[in-house]
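S.K.: Sharing a structure below in structure tokens format, with a few things to ask.
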Amino acid sequence: MAALVGGFIPALAPYQAVTWAGPPIPAWLTPLTATLLHGGVFHLLFNMVMFVYCGREVERALGSKAIGVLYFIGAYAAAAGQWAQDPQSMMPMIGASGAISAVVAAYALLYGRNRARQIGPLSAGVLHAVWLGAAWTIINLLVGYATLTDQPVAIGAHIGGFIAGLILTRPLLLWRYRDA
């Protein structure tokens, strides 16, 4: 029941009306409440390990305010990505991995090595970002299959959060050091 009330449901995104005993949760808040709900202990542990591992270093580079902004916008970008993948879906999206994907993208850009080479009009930086996004999505798929749950992995959410992280990392880094 918690997933239906606090999860992000793409088909209900404009109004998010789910009847339950407590106060209604507005649609604009469900991308954040969904990050607090998880499909089980393994789901929660995997998200927390990734968040602690990558988040600690990203916070060191960007600062605590910027990682909060990154996580917040990553949660909304994850919901947008999940909605874009299937706007008519009634399956609730739960878990923090979409928002954490934004942090993982920032980590990859800040600490990853740019080993890709330019291919035609695509720059090495673009290819590096695409490779990182594909690798992160594959890792999440493998974790989803390894847990043997009947819940689908929210690929659109992971991609949406990751793209937000790629877009926001440089501006947040400049924001931190603009007065230095």
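Chain identifiers are assigned as A, B, and so on, following the order in which chains appear in the structure tokens; residues are numbered from 1 within each chain, and ligands are numbered from 1 in order of appearance.
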So that I can check the surroundings of Val49 in chain A, please list as number ranges by chain every protein, DNA and RNA residue that reaches within 12 Å of it, counting only C-alpha atoms and ignoring chain neighbours fewer than 6 positions away.

M.R.: A: 42-43, 55-56, 96-97, 100, 104

S.K.: Hey, what's within 7 Å of range 59-73 of chain A if we count only C-alpha atoms and toss same-chain stuff fewer than 3 positions away? As an mmCIF file with all heavy atoms, in the first residue's frame, please?

M.R.:
data_model
loop_
_atom_site.group_PDB
_atom_site.id
_atom_site.type_symbol
_atom_site.label_atom_id
_atom_site.label_comp_id
_atom_site.auth_asym_id
_atom_site.auth_seq_id
_atom_site.Cartn_x
_atom_site.Cartn_y
_atom_site.Cartn_z
ATOM 1 N N GLY A 55 28.516 9.312 -3.064
ATOM 2 C CA GLY A 55 28.090 10.572 -2.472
ATOM 3 C C GLY A 55 29.138 11.239 -1.622
ATOM 4 O O GLY A 55 29.265 12.463 -1.622
ATOM 5 N N ARG A 56 29.914 10.442 -0.918
ATOM 6 C CA ARG A 56 30.960 11.005 -0.059
ATOM 7 C C ARG A 56 31.971 11.801 -0.885
ATOM 8 O O ARG A 56 32.343 12.919 -0.527
ATOM 9 C CB ARG A 56 31.642 9.861 0.694
ATOM 10 C CG ARG A 56 32.722 10.286 1.631
ATOM 11 C CD ARG A 56 33.318 9.099 2.343
ATOM 12 N NE ARG A 56 33.708 8.095 1.349
ATOM 13 C CZ ARG A 56 33.760 6.786 1.573
ATOM 14 N NH1 ARG A 56 33.458 6.310 2.742
ATOM 15 N NH2 ARG A 56 34.124 5.957 0.638
ATOM 16 N N TYR A 76 13.437 14.261 -9.295
ATOM 17 C CA TYR A 76 12.438 14.735 -10.256
ATOM 18 C C TYR A 76 12.794 14.323 -11.686
ATOM 19 O O TYR A 76 11.911 13.990 -12.481
ATOM 20 C CB TYR A 76 12.239 16.243 -10.134
ATOM 21 C CG TYR A 76 11.376 16.583 -8.951
ATOM 22 C CD1 TYR A 76 11.941 16.890 -7.721
ATOM 23 C CD2 TYR A 76 9.989 16.547 -9.057
ATOM 24 C CE1 TYR A 76 11.144 17.164 -6.629
ATOM 25 C CE2 TYR A 76 9.185 16.821 -7.960
ATOM 26 C CZ TYR A 76 9.766 17.130 -6.750
ATOM 27 O OH TYR A 76 8.979 17.390 -5.655
ATOM 28 N N ALA A 77 14.073 14.327 -12.023
ATOM 29 C CA ALA A 77 14.492 13.877 -13.349
ATOM 30 C C ALA A 77 14.222 12.379 -13.514
ATOM 31 O O ALA A 77 13.867 11.921 -14.603
ATOM 32 C CB ALA A 77 15.971 14.179 -13.567
ATOM 33 N N ALA A 99 17.458 9.043 -8.161
ATOM 34 C CA ALA A 99 18.144 10.222 -7.617
ATOM 35 C C ALA A 99 19.623 9.927 -7.404
ATOM 36 O O ALA A 99 20.481 10.783 -7.649
ATOM 37 C CB ALA A 99 17.492 10.651 -6.306
ATOM 38 N N ILE A 100 19.922 8.719 -6.961
ATOM 39 C CA ILE A 100 21.320 8.330 -6.753
ATOM 40 C C ILE A 100 22.055 8.246 -8.082
ATOM 41 O O ILE A 100 23.263 8.499 -8.139
ATOM 42 C CB ILE A 100 21.398 7.017 -5.957
ATOM 43 C CG1 ILE A 100 20.884 7.259 -4.530
ATOM 44 C CG2 ILE A 100 22.814 6.457 -5.917
ATOM 45 C CD1 ILE A 100 20.691 6.004 -3.713
ATOM 46 N N ALA A 102 21.908 10.371 -10.376
ATOM 47 C CA ALA A 102 22.450 11.712 -10.602
ATOM 48 C C ALA A 102 23.782 11.870 -9.871
ATOM 49 O O ALA A 102 24.734 12.452 -10.401
ATOM 50 C CB ALA A 102 21.457 12.773 -10.140
ATOM 51 N N VAL A 103 23.862 11.331 -8.665
ATOM 52 C CA VAL A 103 25.106 11.390 -7.883
ATOM 53 C C VAL A 103 26.179 10.514 -8.526
ATOM 54 O O VAL A 103 27.348 10.902 -8.591
ATOM 55 C CB VAL A 103 24.840 10.971 -6.418
ATOM 56 C CG1 VAL A 103 26.124 10.941 -5.611
ATOM 57 C CG2 VAL A 103 23.818 11.910 -5.780
ATOM 58 N N GLY A 165 22.405 14.305 -13.590
ATOM 59 C CA GLY A 165 23.738 14.401 -12.996
ATOM 60 C C GLY A 165 24.777 14.881 -13.992
ATOM 61 O O GLY A 165 25.642 15.701 -13.661
ATOM 62 N N LEU A 172 27.226 22.950 -10.879
ATOM 63 C CA LEU A 172 27.325 22.879 -9.418
ATOM 64 C C LEU A 172 28.770 23.048 -8.952
ATOM 65 O O LEU A 172 29.029 23.648 -7.912
ATOM 66 C CB LEU A 172 26.740 21.563 -8.904
ATOM 67 C CG LEU A 172 25.216 21.446 -8.996
ATOM 68 C CD1 LEU A 172 24.759 20.050 -8.621
ATOM 69 C CD2 LEU A 172 24.527 22.499 -8.143
ATOM 70 N N LEU A 173 29.700 22.537 -9.725
ATOM 71 C CA LEU A 173 31.115 22.712 -9.393
ATOM 72 C C LEU A 173 31.508 24.184 -9.504
ATOM 73 O O LEU A 173 32.193 24.723 -8.628
ATOM 74 C CB LEU A 173 31.976 21.844 -10.318
ATOM 75 C CG LEU A 173 33.449 21.711 -9.979
ATOM 76 C CD1 LEU A 173 33.636 21.068 -8.609
ATOM 77 C CD2 LEU A 173 34.155 20.883 -11.037
ATOM 78 N N ARG A 176 30.084 26.132 -6.572
ATOM 79 C CA ARG A 176 30.849 25.972 -5.329
ATOM 80 C C ARG A 176 32.081 26.866 -5.311
ATOM 81 O O ARG A 176 32.454 27.449 -4.297
ATOM 82 C CB ARG A 176 31.288 24.515 -5.159
ATOM 83 C CG ARG A 176 32.332 24.349 -4.071
ATOM 84 C CD ARG A 176 32.003 23.321 -3.120
ATOM 85 N NE ARG A 176 32.893 23.360 -1.964
ATOM 86 C CZ ARG A 176 33.244 22.309 -1.295
ATOM 87 N NH1 ARG A 176 32.793 21.142 -1.649
ATOM 88 N NH2 ARG A 176 34.020 22.425 -0.265
#

S.K.: Using only C-alpha atoms, which residues sit within 7 Å of Ala75 in chain A once same-chain residues fewer than 5 positions away are excluded, as a ChimeraX atom specification?

M.R.: /A:31-32,98-99,161

S.K.: Applying 7 Å and only C-alpha atoms, which residues near range 137-144 of chain A remain after dropping the ones on its own chain fewer than 4 positions away? List them as a list of chain:residue names.

M.R.: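 Neighbouring residues, sequence-local ones excluded: A:Gly133, A:Leu148, A:Val153, A:Ile155, A:His158.
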
S.K.: Based on the selection just made, write all heavy atoms of those residues as a CSV table (one decimal), in the first residue's frame.

M.R.:
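Produced file part.csv, reproduced below:
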chain,number,residue,atom,x,y,z
A,133,GLY,N,26.6,6.0,-18.7
A,133,GLY,CA,25.2,5.8,-18.6
A,133,GLY,C,24.7,4.4,-18.9
A,133,GLY,O,23.9,3.8,-18.2
A,148,LEU,N,16.0,-11.6,-8.1
A,148,LEU,CA,14.9,-12.5,-8.5
A,148,LEU,C,13.5,-12.0,-8.0
A,148,LEU,O,12.7,-12.7,-7.5
A,148,LEU,CB,15.2,-13.9,-8.0
A,148,LEU,CG,16.4,-14.5,-8.5
A,148,LEU,CD1,16.6,-15.9,-7.8
A,148,LEU,CD2,16.4,-14.7,-10.0
A,153,VAL,N,12.8,-3.2,-13.1
A,153,VAL,CA,13.7,-2.2,-12.8
A,153,VAL,C,13.3,-0.9,-13.6
A,153,VAL,O,13.0,-1.0,-14.8
A,153,VAL,CB,15.2,-2.6,-13.3
A,153,VAL,CG1,16.2,-1.5,-13.1
A,153,VAL,CG2,15.6,-3.8,-12.5
A,155,ILE,N,14.2,1.6,-15.6
A,155,ILE,CA,15.3,2.0,-16.4
A,155,ILE,C,15.1,3.5,-16.8
A,155,ILE,O,16.1,4.2,-16.8
A,155,ILE,CB,15.3,1.2,-17.7
A,155,ILE,CG1,15.6,-0.3,-17.4
A,155,ILE,CG2,16.4,1.7,-18.7
A,155,ILE,CD1,16.9,-0.5,-16.6
A,158,HIS,N,16.4,5.6,-13.9
A,158,HIS,CA,17.9,5.6,-13.9
A,158,HIS,C,18.5,6.5,-14.9
A,158,HIS,O,19.4,7.3,-14.7
A,158,HIS,CB,18.5,4.2,-14.0
A,158,HIS,CG,18.1,3.3,-12.9
A,158,HIS,ND1,17.6,2.0,-13.0
A,158,HIS,CD2,18.1,3.5,-11.5
A,158,HIS,CE1,17.4,1.4,-11.9
A,158,HIS,NE2,17.7,2.3,-10.9

S.K.: Among chain A, which ones does DSSP assign to helix (DSSP H, G or I) (computed from the backbone)? Answer as a ChimeraX atom specification.

M.R.: /A:2-6,10-12,27-36,41-62,64-85,97-111,124-146,155-177

S.K.: Can you measure CA of Ala157 in chain A to CA of Trp83 in chain A for me? One decimal in Å is fine.

M.R.: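 Going from CA of Ala157 in chain A over to CA of Trp83 in chain A, I get 8.2 Å.
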
S.K.: Please indicate the distance in Å from CA of Leu36 in chain A to CA of Gly7 in chain A, rounded to one decimal place.

M.R.: 8.9 Å

S.K.: Could you tell me which of A:Gly95, A:Pro87, A:Pro23, A:Gly125 comes closest to Leu109 in chain A if we count only C-alpha atoms?

M.R.: A:Gly125

S.K.: Would you mind reading off the distance between CA of Ala108 in chain A and CA of Ile9 in chain A, one decimal, in Å?

M.R.: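 Distance reported for this atom pair: 29.2 Å.
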
S.K.: Can you list, as a compact mmCIF listing (two decimals) with C-alpha atoms, in the first residue's frame, every protein, DNA or RNA residue that comes within 6 Å of range 28-30 of chain A when you count only C-alpha atoms, leaving out same-chain residues fewer than 3 positions away?

M.R.:
# COMPACT_ATOMS: atom_id res chain seq x y z
CA GLY A 6 4.03 7.39 -1.84
CA GLY A 7 5.41 5.97 -5.07
CA PHE A 8 5.48 7.88 -8.33
CA THR A 33 8.44 10.32 -1.30
CA ALA A 34 9.25 7.53 -3.77
